[in-house]
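The next block is data37.txt, given as compact mmCIF, C-alpha atoms.
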```txt
# COMPACT_ATOMS: atom_id res chain seq x y z
CA ASP A 31 2.96 -4.68 -4.02
CA ASN A 32 0.58 -5.02 -1.10
CA ASN A 33 2.16 -6.77 1.88
CA CYS A 34 -0.80 -6.67 4.27
CA PHE A 35 -2.26 -9.85 5.68
CA PHE A 36 -5.65 -10.63 7.16
CA LEU A 37 -6.23 -13.33 9.76
CA ASN A 38 -9.18 -15.67 9.33
CA LEU A 39 -10.61 -17.66 12.25
CA ASN A 40 -10.75 -21.39 11.58
CA LEU A 41 -13.28 -22.54 14.19
CA SER A 42 -12.97 -26.22 13.23
CA ASN A 43 -9.41 -26.52 14.54
CA GLN A 44 -9.15 -23.25 16.53
CA THR A 45 -6.39 -21.70 14.43
CA LEU A 46 -5.91 -18.51 12.46
CA LEU A 47 -5.34 -18.67 8.71
CA ASN A 48 -3.28 -15.90 7.12
CA PHE A 49 -4.39 -14.38 3.82
CA ARG A 50 -2.66 -11.76 1.70
CA LEU A 51 -4.94 -8.71 1.57
CA THR A 52 -5.25 -7.24 -1.94
CA TYR A 53 -7.57 -4.67 -3.48
CA SER A 54 -9.69 -7.52 -4.85
CA THR A 55 -9.96 -9.49 -1.59
CA LEU A 56 -13.64 -9.94 -0.77
CA LEU A 57 -14.31 -9.52 2.97
CA ILE A 58 -17.50 -11.01 4.42
CA GLN A 59 -19.02 -11.20 7.90
CA LYS A 60 -18.68 -14.75 9.22
CA GLU A 61 -18.94 -16.57 12.55
CA LEU A 62 -18.93 -14.42 15.67
CA TRP A 63 -19.68 -11.35 13.47
CA ILE A 64 -16.04 -11.13 12.44
CA VAL A 65 -15.21 -9.74 8.99
CA GLU A 66 -12.85 -12.13 7.20
CA PRO A 67 -11.62 -12.83 3.67
CA GLN A 68 -13.91 -15.15 1.71
CA SER A 69 -10.85 -16.66 0.00
CA GLY A 70 -7.40 -15.61 -1.05
CA ILE A 71 -3.70 -16.37 -1.08
CA LEU A 72 -2.69 -18.28 2.07
CA ILE A 73 0.52 -17.01 3.68
CA ASP A 74 2.81 -18.97 6.00
CA GLU A 75 3.43 -17.50 9.48
CA SER A 76 7.16 -17.28 8.72
CA GLN A 77 6.44 -14.54 6.16
CA ILE A 78 4.83 -12.20 8.70
CA TYR A 79 6.99 -9.60 10.47
CA VAL A 80 4.40 -7.49 12.34
CA VAL A 81 1.03 -8.45 13.80
CA PHE A 82 -1.63 -6.18 15.33
CA VAL A 83 -3.47 -7.88 18.19
CA PRO A 84 -6.94 -6.73 19.32
CA LEU A 85 -7.19 -6.68 23.13
CA LEU A 86 -9.66 -6.58 25.97
CA CYS A 87 -6.90 -5.31 28.25
CA PHE A 88 -3.14 -5.36 28.74
CA ALA A 89 -0.73 -5.01 31.63
CA LYS A 90 2.16 -2.62 32.18
CA LYS A 91 4.62 -5.48 31.48
CA GLY A 92 3.11 -6.34 28.10
CA HIS A 93 0.87 -9.26 29.03
CA ARG A 94 -2.53 -9.26 27.36
CA VAL A 95 -6.08 -10.52 27.64
CA LEU A 96 -7.84 -11.28 24.38
CA TYR A 97 -11.26 -12.62 23.58
CA GLY A 98 -10.69 -16.24 24.64
CA GLY A 99 -9.90 -19.44 22.83
CA GLY A 100 -6.11 -19.06 22.61
CA TYR A 101 -6.18 -18.35 18.86
CA TYR A 102 -3.46 -15.69 18.99
CA ASP A 103 -1.24 -17.74 21.33
CA ARG A 104 -1.37 -20.70 18.92
CA PHE A 105 -0.73 -18.36 15.97
CA LEU A 106 2.15 -16.42 17.58
CA ILE A 107 4.00 -19.56 18.69
CA LYS A 108 4.30 -20.54 14.99
CA CYS A 109 5.72 -17.14 13.99
CA LYS A 110 9.36 -16.09 13.99
CA PRO A 111 10.57 -15.14 17.49
CA SER A 112 11.44 -11.71 16.06
CA ILE A 113 7.86 -10.92 14.99
CA ILE A 114 6.73 -7.53 16.30
CA LYS A 115 3.52 -7.83 18.31
CA ILE A 116 1.50 -4.62 18.60
CA GLY A 117 -1.60 -4.61 20.78
CA VAL A 118 -4.51 -2.31 20.03
CA SER A 119 -6.62 -1.20 23.00
CA PHE A 120 -9.14 1.50 23.80
CA PHE A 121 -8.00 1.51 27.44
CA ASP A 122 -4.90 2.23 29.51
CA PRO A 123 -2.97 -0.73 30.97
CA VAL A 124 -3.89 -2.49 34.18
CA LYS A 125 -1.18 -2.93 36.81
CA GLU A 126 -0.98 -6.71 36.48
CA ILE A 127 -2.74 -9.71 34.92
CA LEU A 128 -2.83 -12.48 37.51
CA ASP A 129 -3.46 -15.59 35.42
CA VAL A 130 -0.40 -15.32 33.12
CA ASP A 131 1.21 -18.66 32.34
CA GLY A 132 4.24 -19.91 30.42
CA THR A 133 2.37 -20.14 27.10
CA ASP A 134 1.29 -16.48 27.09
CA ILE A 135 3.26 -14.38 24.61
CA ARG A 136 3.91 -10.77 25.58
CA LEU A 137 3.46 -7.75 23.36
CA ASN A 138 6.29 -5.54 22.13
CA PHE A 139 4.07 -2.45 21.93
CA CYS A 140 0.50 -1.41 22.61
CA VAL A 141 -1.33 1.50 20.98
CA THR A 142 -4.16 3.25 22.81
CA PRO A 143 -5.99 6.48 21.94
CA LYS A 144 -3.75 8.32 24.44
CA LYS A 145 -0.33 6.71 24.20
CA VAL A 146 1.97 4.12 22.63
CA TYR A 147 3.47 1.74 25.21
CA GLU A 148 6.73 -0.13 24.65
CA PHE A 149 7.59 -3.31 26.56
CA SER A 150 11.09 -4.74 26.91
CA GLY A 151 12.43 -8.12 27.88
```

Take the structure in this file and express it as structure tokens.
Amino acid sequence: DNNCFFLNLNLSNQTLLNFRLTYSTLLIQKELWIVEPQSGILIDESQIYVVFVPLLCFAKKGHRVLYGGGYYDRFLIKCKPSIIKIGVSFFDPVKEILDVDGTDIRLNFCVTPKKVYEFSG
């Protein structure tokens, strides 16, 4: 059984849709040059236990900067509080991100080419 999911940008209401990724899932390039499933089995956020988050940068305390729009913040707030959030970055962390607010959700881990960072609290 394949338990991988693929997020699909829904530009009309600025949300992410969650599709089960199978061997037969057709991926196509859509808006913003993002590869997404053409169709598939929709999955509720409560069924997801781990999410990989693409980043522009992240801070030593686990805060992150994405690509704008708040898609991941709106997605993560609907997930279980216990969901494991793993950032993926090509760069080392910055000391601090100054414009963090109460709606920003921190990462649990971040993977870079050099190191895996773990954040607590």

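Near A:Cys87, within 7 Å and counting all atoms listed in the file, sit Arg94, Val95, Ser119, Phe121 and Pro123 of chain A; same-chain residues fewer than 4 positions away were not included.
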
>> Ranking A:Lys110, A:Val141, A:Glu148, A:Lys91 by minimum distance to A:Leu128 and counting all atoms listed in the file, which one comes first?
In response: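 Once distances to A:Leu128 are computed over all atoms listed in the file, the minimum belongs to A:Lys91.
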
> For A:Asp74, which of A:Leu46, A:Val124, A:Leu56, A:Cys140 is the closest residue, counting only C-alpha atoms?
Replying inline: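 Of the candidates, the smallest distance to A:Asp74 is held by A:Leu46.
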
>> Could you check the closest approach to A:Tyr79 for each of A:Gly117, A:Tyr147, A:Leu106, A:Thr45 and tell me which residue wins, using all atoms listed in the file?
In response: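 Ranking A:Gly117, A:Tyr147, A:Leu106, A:Thr45 by distance to A:Tyr79, first place goes to A:Leu106.
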
>> Need to verify the contact set: A:Asp122, 9 Å, only C-alpha atoms, exclusion of same-chain residues closer than 3 positions in sequence. Can you return it as a list in words?
In response: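 So the residues in contact are Cys87, Phe88, Ala89, Lys90, Ser119, Thr142, Pro143, Lys144 and Lys145 of chain A.
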
>> Let me make sure I understand: among A:Ile73, A:Ile135, A:Leu51, A:Ile78, which one has the smallest atom-to-atom distance to A:Ile107 if we use all atoms listed in the file?
In response: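 Checking each of A:Ile73, A:Ile135, A:Leu51, A:Ile78 against A:Ile107, counting all atoms listed in the file, the winner is A:Ile135.
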
> Which protein, DNA or RNA residues have an atom at most 9 Å from (-7.7, -16.2, 1.9), counting all atoms listed in the file? List them as a list in words.
Replying inline: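 These residues have at least one counted atom within 9 Å: Phe36, Leu37, Asn38, Leu47, Asn48, Phe49, Arg50, Leu51, Thr55, Glu66, Pro67, Gln68, Ser69, Gly70, Ile71, Leu72 and Ile73 of chain A.
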
>> Ranking A:Ile114, A:Asn138, A:Trp63, A:Gly92 by minimum distance to A:Glu126 and counting only C-alpha atoms, which one comes first?
In response: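 Of A:Ile114, A:Asn138, A:Trp63, A:Gly92, the one nearest A:Glu126 is A:Gly92, counting only C-alpha atoms.
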
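Checking A:Glu75, A:Val65, A:Val81, A:Asp129 one by one against A:Lys108, counting only C-alpha atoms, you find the shortest gap at A:Glu75.
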
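Between atom CA of A:Val83 and atom CA of A:Lys115 the separation is 7.0 Å.
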